[in-house]
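Trainee: Quick one, protein-v3.cif (mmCIF, C-alpha atoms and all ligand atoms):
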```cif
data_query
#
loop_
_atom_site.group_PDB
_atom_site.id
_atom_site.type_symbol
_atom_site.label_atom_id
_atom_site.label_comp_id
_atom_site.auth_asym_id
_atom_site.auth_seq_id
_atom_site.Cartn_x
_atom_site.Cartn_y
_atom_site.Cartn_z
ATOM 1 C CA MET R 1 -13.365 1.465 14.107
ATOM 2 C CA ILE R 2 -11.912 -0.107 17.230
ATOM 3 C CA SER R 3 -12.170 1.535 20.601
ATOM 4 C CA THR R 4 -11.707 0.705 24.237
ATOM 5 C CA LYS R 5 -12.617 2.869 27.197
ATOM 6 C CA ASP R 6 -11.176 2.240 30.644
ATOM 7 C CA LEU R 7 -11.000 -1.402 29.606
ATOM 8 C CA THR R 8 -9.876 -3.503 32.559
ATOM 9 C CA LYS R 9 -9.356 -7.223 33.095
ATOM 10 C CA LYS R 10 -8.435 -8.793 36.387
ATOM 11 C CA PHE R 11 -7.450 -12.424 36.824
ATOM 12 C CA GLY R 12 -7.731 -12.792 40.597
ATOM 13 C CA ASP R 13 -5.200 -10.366 42.087
ATOM 14 C CA LEU R 14 -3.511 -9.717 38.743
ATOM 15 C CA THR R 15 -4.636 -6.749 36.671
ATOM 16 C CA ALA R 16 -3.811 -7.878 33.118
ATOM 17 C CA VAL R 17 -5.357 -4.821 31.431
ATOM 18 C CA ASP R 18 -5.688 -1.648 33.438
ATOM 19 C CA HIS R 19 -8.066 1.165 32.381
ATOM 20 C CA LEU R 20 -6.951 0.977 28.778
ATOM 21 C CA SER R 21 -8.396 3.581 26.428
ATOM 22 C CA LEU R 22 -7.463 3.521 22.774
ATOM 23 C CA SER R 23 -9.009 4.100 19.405
ATOM 24 C CA VAL R 24 -8.183 2.954 15.881
ATOM 25 C CA LYS R 25 -10.105 4.686 13.116
ATOM 26 C CA GLU R 26 -10.766 3.534 9.554
ATOM 27 C CA GLY R 27 -7.527 3.317 7.604
ATOM 28 C CA GLU R 28 -5.355 3.463 10.731
ATOM 29 C CA LEU R 29 -3.006 0.771 11.972
ATOM 30 C CA LEU R 30 -2.093 0.780 15.642
ATOM 31 C CA CYS R 31 0.802 -1.429 16.708
ATOM 32 C CA LEU R 32 0.829 -2.443 20.346
ATOM 33 C CA LEU R 33 4.295 -3.186 21.648
ATOM 34 C CA GLY R 34 5.201 -4.465 25.090
ATOM 35 C CA ALA R 35 6.975 -7.287 26.899
ATOM 36 C CA ASN R 36 5.353 -10.681 27.321
ATOM 37 C CA GLY R 37 2.588 -10.360 29.905
ATOM 38 C CA ALA R 38 1.929 -6.665 29.179
ATOM 39 C CA GLY R 39 -1.732 -7.386 28.370
ATOM 40 C CA LYS R 40 -1.734 -7.164 24.564
ATOM 41 C CA SER R 41 -3.434 -10.510 23.876
ATOM 42 C CA THR R 42 -5.952 -10.001 26.686
ATOM 43 C CA THR R 43 -6.908 -6.681 25.089
ATOM 44 C CA ILE R 44 -7.449 -8.365 21.716
ATOM 45 C CA ASN R 45 -9.331 -11.231 23.371
ATOM 46 C CA MET R 46 -11.747 -8.749 24.965
ATOM 47 C CA LEU R 47 -12.360 -7.089 21.575
ATOM 48 C CA LEU R 48 -13.210 -10.599 20.315
ATOM 49 C CA ASN R 49 -15.366 -11.338 23.384
ATOM 50 C CA PHE R 50 -13.196 -14.380 24.096
ATOM 51 C CA VAL R 51 -12.574 -12.833 27.509
ATOM 52 C CA ALA R 52 -15.144 -10.741 29.422
ATOM 53 C CA PRO R 53 -13.913 -7.385 30.746
ATOM 54 C CA THR R 54 -13.948 -6.810 34.491
ATOM 55 C CA SER R 55 -14.939 -3.200 33.791
ATOM 56 C CA GLY R 56 -14.855 -0.644 31.007
ATOM 57 C CA SER R 57 -15.809 -1.293 27.409
ATOM 58 C CA ALA R 58 -14.495 -2.667 24.138
ATOM 59 C CA THR R 59 -16.365 -1.569 21.026
ATOM 60 C CA ILE R 60 -16.218 -2.446 17.338
ATOM 61 C CA ASN R 61 -17.851 -0.011 14.941
ATOM 62 C CA GLY R 62 -19.713 1.515 17.877
ATOM 63 C CA LEU R 63 -21.104 -1.812 19.106
ATOM 64 C CA ASP R 64 -20.115 -3.207 22.473
ATOM 65 C CA ALA R 65 -18.188 -6.452 21.891
ATOM 66 C CA THR R 66 -19.638 -8.092 25.013
ATOM 67 C CA ARG R 67 -23.260 -7.216 24.312
ATOM 68 C CA HIS R 68 -23.120 -7.808 20.540
ATOM 69 C CA PRO R 69 -20.648 -10.668 20.165
ATOM 70 C CA ILE R 70 -22.105 -12.050 16.930
ATOM 71 C CA LYS R 71 -22.726 -8.768 15.124
ATOM 72 C CA THR R 72 -19.296 -7.390 16.027
ATOM 73 C CA LYS R 73 -17.589 -10.562 14.729
ATOM 74 C CA GLU R 74 -19.112 -9.983 11.299
ATOM 75 C CA PHE R 75 -16.879 -6.917 11.026
ATOM 76 C CA ILE R 76 -13.746 -8.608 12.377
ATOM 77 C CA THR R 77 -11.034 -10.832 10.991
ATOM 78 C CA TYR R 78 -8.662 -12.209 13.621
ATOM 79 C CA ILE R 79 -5.211 -13.449 12.697
ATOM 80 C CA PRO R 80 -3.268 -14.888 15.629
ATOM 81 C CA GLU R 81 0.283 -16.160 15.540
ATOM 82 C CA ASN R 82 -0.936 -19.514 14.273
ATOM 83 C CA LEU R 83 -4.026 -19.121 12.188
ATOM 84 C CA MET R 84 -6.544 -21.922 12.672
ATOM 85 C CA LEU R 85 -7.320 -23.376 9.270
ATOM 86 C CA TYR R 86 -8.364 -26.897 8.334
ATOM 87 C CA PRO R 87 -5.087 -28.668 7.457
ATOM 88 C CA MET R 88 -6.711 -31.312 5.264
ATOM 89 C CA LEU R 89 -8.621 -28.777 3.158
ATOM 90 C CA THR R 90 -7.080 -26.754 0.348
ATOM 91 C CA ALA R 91 -6.572 -22.990 0.394
ATOM 92 C CA ILE R 92 -9.706 -22.478 -1.732
ATOM 93 C CA GLU R 93 -11.764 -24.802 0.474
ATOM 94 C CA ASN R 94 -10.637 -23.049 3.661
ATOM 95 C CA LEU R 95 -11.408 -19.659 2.162
ATOM 96 C CA ASP R 96 -14.810 -20.895 0.980
ATOM 97 C CA TYR R 97 -15.585 -22.265 4.436
ATOM 98 C CA PHE R 98 -14.422 -19.266 6.460
ATOM 99 C CA SER R 99 -15.978 -16.662 4.177
ATOM 100 C CA GLY R 100 -19.162 -18.765 3.894
ATOM 101 C CA ILE R 101 -19.551 -18.751 7.687
ATOM 102 C CA THR R 102 -20.614 -15.119 7.497
ATOM 103 C CA GLY R 103 -23.557 -16.013 5.257
ATOM 104 C CA ARG R 104 -21.950 -14.950 1.977
ATOM 105 C CA GLN R 105 -21.569 -17.590 -0.664
ATOM 106 C CA LEU R 106 -18.818 -16.708 -3.100
ATOM 107 C CA ALA R 107 -18.229 -18.023 -6.615
ATOM 108 C CA GLN R 108 -15.043 -19.972 -7.299
ATOM 109 C CA SER R 109 -13.743 -17.086 -9.408
ATOM 110 C CA SER R 110 -14.157 -14.640 -6.512
ATOM 111 C CA LEU R 111 -12.373 -17.030 -4.169
ATOM 112 C CA THR R 112 -9.385 -17.363 -6.484
ATOM 113 C CA GLY R 113 -9.435 -13.577 -6.959
ATOM 114 C CA PHE R 114 -9.080 -13.021 -3.213
ATOM 115 C CA LEU R 115 -6.243 -15.550 -2.916
ATOM 116 C CA GLU R 116 -4.487 -13.804 -5.798
ATOM 117 C CA GLU R 117 -5.008 -10.401 -4.208
ATOM 118 C CA ALA R 118 -3.530 -11.807 -0.981
ATOM 119 C CA GLY R 119 -0.422 -12.772 -2.947
ATOM 120 C CA LEU R 120 -0.674 -16.556 -2.661
ATOM 121 C CA GLN R 121 1.058 -18.291 -5.549
ATOM 122 C CA LYS R 122 -1.409 -19.874 -7.977
ATOM 123 C CA ASP R 123 -0.030 -23.405 -7.745
ATOM 124 C CA ALA R 124 -0.938 -23.426 -4.024
ATOM 125 C CA PHE R 125 -4.640 -22.642 -4.410
ATOM 126 C CA HIS R 126 -5.620 -26.318 -4.599
ATOM 127 C CA LYS R 127 -3.014 -27.665 -2.193
ATOM 128 C CA ARG R 128 -3.780 -28.750 1.343
ATOM 129 C CA ILE R 129 -2.999 -26.219 4.067
ATOM 130 C CA SER R 130 -0.930 -28.873 5.875
ATOM 131 C CA THR R 131 1.781 -28.349 3.229
ATOM 132 C CA PHE R 132 1.836 -24.528 3.652
ATOM 133 C CA SER R 133 4.500 -22.359 5.278
ATOM 134 C CA LYS R 134 3.388 -19.933 7.958
ATOM 135 C CA GLY R 135 3.635 -17.034 5.489
ATOM 136 C CA MET R 136 1.319 -18.834 3.079
ATOM 137 C CA ARG R 137 -1.214 -19.512 5.850
ATOM 138 C CA GLN R 138 -1.159 -15.844 6.833
ATOM 139 C CA LYS R 139 -1.937 -14.966 3.193
ATOM 140 C CA VAL R 140 -5.015 -17.203 3.361
ATOM 141 C CA GLY R 141 -5.960 -15.201 6.488
ATOM 142 C CA ILE R 142 -5.668 -11.974 4.516
ATOM 143 C CA ALA R 143 -7.758 -13.514 1.716
ATOM 144 C CA ILE R 144 -10.444 -14.295 4.327
ATOM 145 C CA ALA R 145 -10.342 -10.639 5.443
ATOM 146 C CA LEU R 146 -10.734 -9.520 1.812
ATOM 147 C CA ALA R 147 -13.569 -11.976 1.160
ATOM 148 C CA LYS R 148 -15.433 -10.898 4.300
ATOM 149 C CA ASP R 149 -14.962 -7.250 3.325
ATOM 150 C CA THR R 150 -13.696 -6.945 6.865
ATOM 151 C CA LYS R 151 -13.812 -3.592 8.656
ATOM 152 C CA VAL R 152 -11.580 -4.502 11.573
ATOM 153 C CA LEU R 153 -8.446 -6.610 11.581
ATOM 154 C CA LEU R 154 -7.057 -7.893 14.890
ATOM 155 C CA LEU R 155 -3.559 -9.342 14.683
ATOM 156 C CA ASP R 156 -1.704 -11.040 17.520
ATOM 157 C CA GLU R 157 2.004 -11.427 16.716
ATOM 158 C CA PRO R 158 1.256 -12.337 13.098
ATOM 159 C CA THR R 159 4.817 -11.907 11.830
ATOM 160 C CA SER R 160 6.690 -13.777 14.547
ATOM 161 C CA GLY R 161 8.614 -16.593 12.913
ATOM 162 C CA LEU R 162 8.160 -15.230 9.392
ATOM 163 C CA ASP R 163 11.319 -14.768 7.338
ATOM 164 C CA PRO R 164 12.073 -11.168 6.267
ATOM 165 C CA LYS R 165 10.574 -11.616 2.802
ATOM 166 C CA ALA R 166 7.324 -13.102 4.143
ATOM 167 C CA SER R 167 7.176 -10.404 6.827
ATOM 168 C CA ASN R 168 7.663 -7.717 4.180
ATOM 169 C CA GLU R 169 4.908 -9.207 2.028
ATOM 170 C CA PHE R 170 2.610 -9.410 5.023
ATOM 171 C CA GLY R 171 3.302 -5.739 5.785
ATOM 172 C CA ASN R 172 2.429 -4.789 2.204
ATOM 173 C CA LEU R 173 -0.866 -6.650 2.500
ATOM 174 C CA LEU R 174 -1.680 -4.742 5.671
ATOM 175 C CA GLN R 175 -1.036 -1.472 3.833
ATOM 176 C CA LYS R 176 -3.436 -2.609 1.115
ATOM 177 C CA LEU R 177 -6.169 -3.348 3.681
ATOM 178 C CA ARG R 178 -5.518 -0.026 5.375
ATOM 179 C CA GLY R 179 -6.004 1.627 1.989
ATOM 180 C CA LYS R 180 -9.456 0.043 1.835
ATOM 181 C CA GLY R 181 -10.348 1.713 5.129
ATOM 182 C CA VAL R 182 -9.834 -1.270 7.442
ATOM 183 C CA ALA R 183 -9.018 -0.393 11.074
ATOM 184 C CA ILE R 184 -6.104 -2.573 12.184
ATOM 185 C CA LEU R 185 -4.801 -3.397 15.659
ATOM 186 C CA MET R 186 -1.611 -5.458 15.739
ATOM 187 C CA ALA R 187 0.224 -6.765 18.789
ATOM 188 C CA THR R 188 3.856 -7.380 17.907
ATOM 189 C CA HIS R 189 7.422 -7.581 19.190
ATOM 190 C CA ASP R 190 8.736 -6.493 15.816
ATOM 191 C CA LEU R 191 9.757 -2.845 16.225
ATOM 192 C CA PHE R 192 10.941 -2.657 12.625
ATOM 193 C CA ARG R 193 7.688 -3.909 11.117
ATOM 194 C CA ALA R 194 5.742 -1.668 13.514
ATOM 195 C CA LYS R 195 7.671 1.399 12.359
ATOM 196 C CA VAL R 196 7.178 0.448 8.694
ATOM 197 C CA VAL R 197 3.468 -0.415 8.682
ATOM 198 C CA ALA R 198 1.862 1.429 11.596
ATOM 199 C CA THR R 199 0.206 4.812 11.554
ATOM 200 C CA HIS R 200 0.252 4.794 15.357
ATOM 201 C CA ILE R 201 2.394 2.952 17.884
ATOM 202 C CA GLY R 202 1.620 2.267 21.531
ATOM 203 C CA ILE R 203 3.745 0.667 24.220
ATOM 204 C CA MET R 204 1.952 -1.337 26.904
ATOM 205 C CA LYS R 205 3.344 -2.137 30.296
ATOM 206 C CA ASP R 206 1.557 -3.857 33.171
ATOM 207 C CA GLY R 207 -1.786 -3.533 31.375
ATOM 208 C CA LYS R 208 -1.433 0.201 30.748
ATOM 209 C CA LEU R 209 -0.749 2.123 27.575
ATOM 210 C CA VAL R 210 2.322 4.003 28.788
ATOM 211 C CA GLN R 211 3.541 5.532 25.500
ATOM 212 C CA GLN R 212 1.778 6.549 22.299
ATOM 213 C CA PHE R 213 3.230 7.922 19.069
ATOM 214 C CA VAL R 214 2.288 8.840 15.557
ATOM 215 C CA ALA R 215 4.568 6.467 13.621
ATOM 216 C CA ASP R 216 5.834 9.211 11.288
ATOM 217 C CA ASP R 217 6.964 11.287 14.260
ATOM 218 C CA ILE R 218 9.475 8.749 15.556
ATOM 219 C CA SER R 219 12.513 7.139 13.931
ATOM 220 C CA LEU R 220 13.295 3.457 14.357
ATOM 221 C CA PRO R 221 16.315 4.158 16.636
ATOM 222 C CA GLN R 222 14.200 6.542 18.739
ATOM 223 C CA LEU R 223 11.453 3.929 18.966
ATOM 224 C CA GLU R 224 13.901 1.281 20.128
ATOM 225 C CA LYS R 225 15.462 3.604 22.688
ATOM 226 C CA THR R 226 12.059 4.620 24.045
ATOM 227 C CA TYR R 227 10.936 1.001 24.153
ATOM 228 C CA LEU R 228 14.006 -0.094 26.097
ATOM 229 C CA GLU R 229 13.756 2.838 28.498
ATOM 230 C CA THR R 230 10.094 2.062 29.040
ATOM 231 C CA MET R 231 10.939 -1.524 29.890
ATOM 232 C CA ASN R 232 13.591 -0.220 32.323
ATOM 233 C CA TYR R 233 16.330 -1.853 30.309
ATOM 234 C CA LYS R 234 18.369 1.284 30.840
ATOM 235 C CA GLU R 235 21.561 -0.676 31.371
ATOM 236 C CA VAL R 236 21.512 -1.812 27.736
ATOM 237 C CA LEU R 237 21.925 1.784 26.597
ATOM 238 C CA SER R 238 24.932 2.481 28.875
HETATM 239 N N1 LIG E 301 -6.763 -16.854 31.402
HETATM 240 C C1 LIG E 301 -5.864 -16.302 32.217
HETATM 241 N N2 LIG E 301 -5.829 -16.578 33.529
HETATM 242 C C2 LIG E 301 -4.939 -15.999 34.353
HETATM 243 N N3 LIG E 301 -4.017 -15.099 33.966
HETATM 244 C C3 LIG E 301 -3.990 -14.769 32.665
HETATM 245 C C4 LIG E 301 -4.896 -15.351 31.720
HETATM 246 N N4 LIG E 301 -4.628 -14.825 30.488
HETATM 247 C C5 LIG E 301 -3.603 -13.972 30.664
HETATM 248 N N5 LIG E 301 -3.221 -13.937 31.958
HETATM 249 C C6 LIG E 301 -2.144 -13.107 32.514
HETATM 250 O O1 LIG E 301 -2.429 -11.757 32.141
HETATM 251 C C7 LIG E 301 -1.221 -11.067 31.861
HETATM 252 C C8 LIG E 301 -1.293 -10.486 30.475
HETATM 253 O O2 LIG E 301 -1.212 -11.538 29.542
HETATM 254 P P1 LIG E 301 -1.307 -11.328 27.977
HETATM 255 O O3 LIG E 301 -2.486 -10.477 27.684
HETATM 256 O O4 LIG E 301 -1.262 -12.665 27.354
HETATM 257 O O5 LIG E 301 0.023 -10.496 27.669
HETATM 258 P P2 LIG E 301 0.816 -10.291 26.294
HETATM 259 O O6 LIG E 301 -0.060 -10.730 25.173
HETATM 260 O O7 LIG E 301 1.138 -8.825 26.262
HETATM 261 O O8 LIG E 301 2.066 -11.133 26.389
HETATM 262 C C9 LIG E 301 -0.089 -12.074 32.064
HETATM 263 O O9 LIG E 301 0.448 -11.883 33.351
HETATM 264 C C10 LIG E 301 -0.786 -13.401 31.927
HETATM 265 O O10 LIG E 301 -0.119 -14.392 32.653
HETATM 266 MG MG MG E 302 0.301 -12.163 23.695
#
```
Could the structure of this file be written out as structure tokens, please?

Mentor:
Amino acid sequence: MISTKDLTKKFGDLTAVDHLSLSVKEGELLCLLGANGAGKSTTINMLLNFVAPTSGSATINGLDATRHPIKTKEFITYIPENLMLYPMLTAIENLDYFSGITGRQLAQSSLTGFLEEAGLQKDAFHKRISTFSKGMRQKVGIAIALAKDTKVLLLDEPTSGLDPKASNEFGNLLQKLRGKGVAILMATHDLFRAKVVATHIGIMKDGKLVQQFVADDISLPQLEKTYLETMNYKEVLS
């Protein structure tokens, strides 16, 4: 479970995140939409304790992310736009390394099982990451989440730059993780993918959560219209 309460981050005079309260329960997927600079990444960075809150709290499975930075990270897998993997190591070696970091040592057969479950083609398991497309790297990220038996997945624009097929596959993997009870928070600009994969959708503006929906309650055209109105792009609608 992911939750924030009155979470606030100021950078000097700028309030990047402003009294943000949200919650993502097991098996839920909240998509955060919002223009560049709305505060989405700063929110995720506070949940990861990469950035300290000015006030308010960010908690993972009931533990404060600032006070328990190591314990909370055991529950989390973080997939940013460009996942940091070792380019000279193979998919298996990266998975072994990043799942081993948490103290679990996995057999080769388990590692290949997780890569398979993440949908990576078999002939890529022993290839260096430097030869991988972005979609393939994101699959290794999902395999890491599976191997860690992750409880919380934090995604920052994971599908930007993916082709429609890779984006669709990534969405299906998120549904699979959701089915296992993972709580997922995803910042994205992709309204379509948000509508397809999310259980809940929020729109951020100037650090605040200004709109919130249950994904099933809103159609894609309604979501787009609301998004544009929220951004004050009223002229586009004529
Ligand atoms: N380390 C930082 N120092 C100063 N300002 C920052 C820093 N990180 C983010 N900001 C500012 O905070 C605001 C929110 O940024 P960010 O969370 O990256 O938004 P988003 O991810 O929604 O595009 C922006 O105005 C950005 O310039
Ligand atoms: Mg961002």

Trainee: Give me the residues near Asp6 in chain R as a VMD selection string, where near means some atom within 7 Å (using only C-alpha atoms) and where sequence neighbours in that chain fewer than 2 positions away do not count.

Mentor: chain R and resid 4 8 19 to 21 56 to 57

Trainee: For the residues in the current selection, export C-alpha atoms as a PDB file, in the frame of the given file.

Mentor:
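Saved result, out_15.pdb, follows:
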```
ATOM      1  CA  THR R   4     -11.707   0.705  24.237  1.00  0.00           C
ATOM      2  CA  THR R   8      -9.876  -3.503  32.559  1.00  0.00           C
ATOM      3  CA  HIS R  19      -8.066   1.165  32.381  1.00  0.00           C
ATOM      4  CA  LEU R  20      -6.951   0.977  28.778  1.00  0.00           C
ATOM      5  CA  SER R  21      -8.396   3.581  26.428  1.00  0.00           C
ATOM      6  CA  GLY R  56     -14.855  -0.644  31.007  1.00  0.00           C
ATOM      7  CA  SER R  57     -15.809  -1.293  27.409  1.00  0.00           C
TER       8      SER R  57
END
```

Trainee: Taking the file as shown, what set of residues would the PyMOL selection byres (((not hetatm)) within 8 of (chain E and resi 302)) give back, as an mmCIF file with C-alpha atoms, keeping the file's coordinate frame?

Mentor:
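Written out: part39.cif:
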```
data_model
loop_
_atom_site.group_PDB
_atom_site.id
_atom_site.type_symbol
_atom_site.label_atom_id
_atom_site.label_comp_id
_atom_site.auth_asym_id
_atom_site.auth_seq_id
_atom_site.Cartn_x
_atom_site.Cartn_y
_atom_site.Cartn_z
ATOM 1 C CA ASN R 36 5.353 -10.681 27.321
ATOM 2 C CA GLY R 37 2.588 -10.360 29.905
ATOM 3 C CA ALA R 38 1.929 -6.665 29.179
ATOM 4 C CA GLY R 39 -1.732 -7.386 28.370
ATOM 5 C CA LYS R 40 -1.734 -7.164 24.564
ATOM 6 C CA SER R 41 -3.434 -10.510 23.876
ATOM 7 C CA THR R 42 -5.952 -10.001 26.686
ATOM 8 C CA ASP R 156 -1.704 -11.040 17.520
ATOM 9 C CA GLU R 157 2.004 -11.427 16.716
ATOM 10 C CA ALA R 187 0.224 -6.765 18.789
#
```

Trainee: Could you check which of R:Thr15, R:Thr159, R:Gln121, R:Asn172 is closest to Lys208 in chain R, using only C-alpha atoms?

Mentor: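 Checking each of R:Thr15, R:Thr159, R:Gln121, R:Asn172 against Lys208 in chain R, counting only C-alpha atoms, the winner is R:Thr15.
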
Trainee: As number ranges by chain, please: every protein or nucleic acid residue near ligand LIG 301 (chain E) (cut-off 12 Å, counting only C-alpha atoms and all ligand atoms).

Mentor: R: 8-18, 32-46, 50-53, 80-81, 155-157, 186-189, 203-209

Trainee: With the file shown as input, list the residues that the PyMOL selection byres (((chain R and resi 84-90) around 6) and not hetatm) selects, as number ranges by chain.

Mentor: R: 83, 91-93, 126-130

Trainee: With distances taken over all atoms listed in the file, which residue among R:Leu177, R:Gly161, R:Leu95, R:Ser219 lies nearest Ala107 in chain R?

Mentor: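 Comparing R:Leu177, R:Gly161, R:Leu95, R:Ser219 against Ala107 in chain R, the winner is R:Leu95.
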
Trainee: Which residues match the PyMOL selection byres (((chain R and resi 220) around 8) and not hetatm) in the file above, as a ChimeraX atom specification?

Mentor: /R:191-192,195,218-219,221-224

Trainee: Just how far from CA of Leu162 in chain R is CA of Val196 in chain R, in Å to one decimal?

Mentor: 15.7 Å

Trainee: Rounded to one decimal, what separation in Å do you get between CA of Thr72 in chain R and CA of Leu48 in chain R?

Mentor: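 Computed distance, CA of Thr72 in chain R to CA of Leu48 in chain R, equals 8.1 Å.
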
Trainee: Just to confirm, what's the straight-line distance from CA of Leu30 in chain R to CA of Gly62 in chain R in Å (one decimal)?

Mentor: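 Atom-to-atom, CA of Leu30 in chain R to CA of Gly62 in chain R, that is 17.8 Å.
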
Trainee: Just the residues within 9 Å of Arg178 in chain R, please, counting all atoms listed in the file, with nothing from its chain fewer than 6 positions along; format it as a JSON list (two decimals) with C-alpha atoms, in the coordinates of the input.

Mentor:
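Saved to out_7.json:
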```json
[["chain", "number", "residue", "atom", "x", "y", "z"],
["R", 26, "GLU", "CA", -10.77, 3.53, 9.55],
["R", 27, "GLY", "CA", -7.53, 3.32, 7.60],
["R", 28, "GLU", "CA", -5.36, 3.46, 10.73],
["R", 29, "LEU", "CA", -3.01, 0.77, 11.97],
["R", 184, "ILE", "CA", -6.10, -2.57, 12.18]]
```

Trainee: Excluding Phe75 in chain R and residues on its chain fewer than 3 positions from it, collect all residues at most 6 Å away from it, counting only C-alpha atoms, and give them as a list in words.

Mentor: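 Selected residues are Thr72, Thr150, Lys151 and Val152 of chain R.
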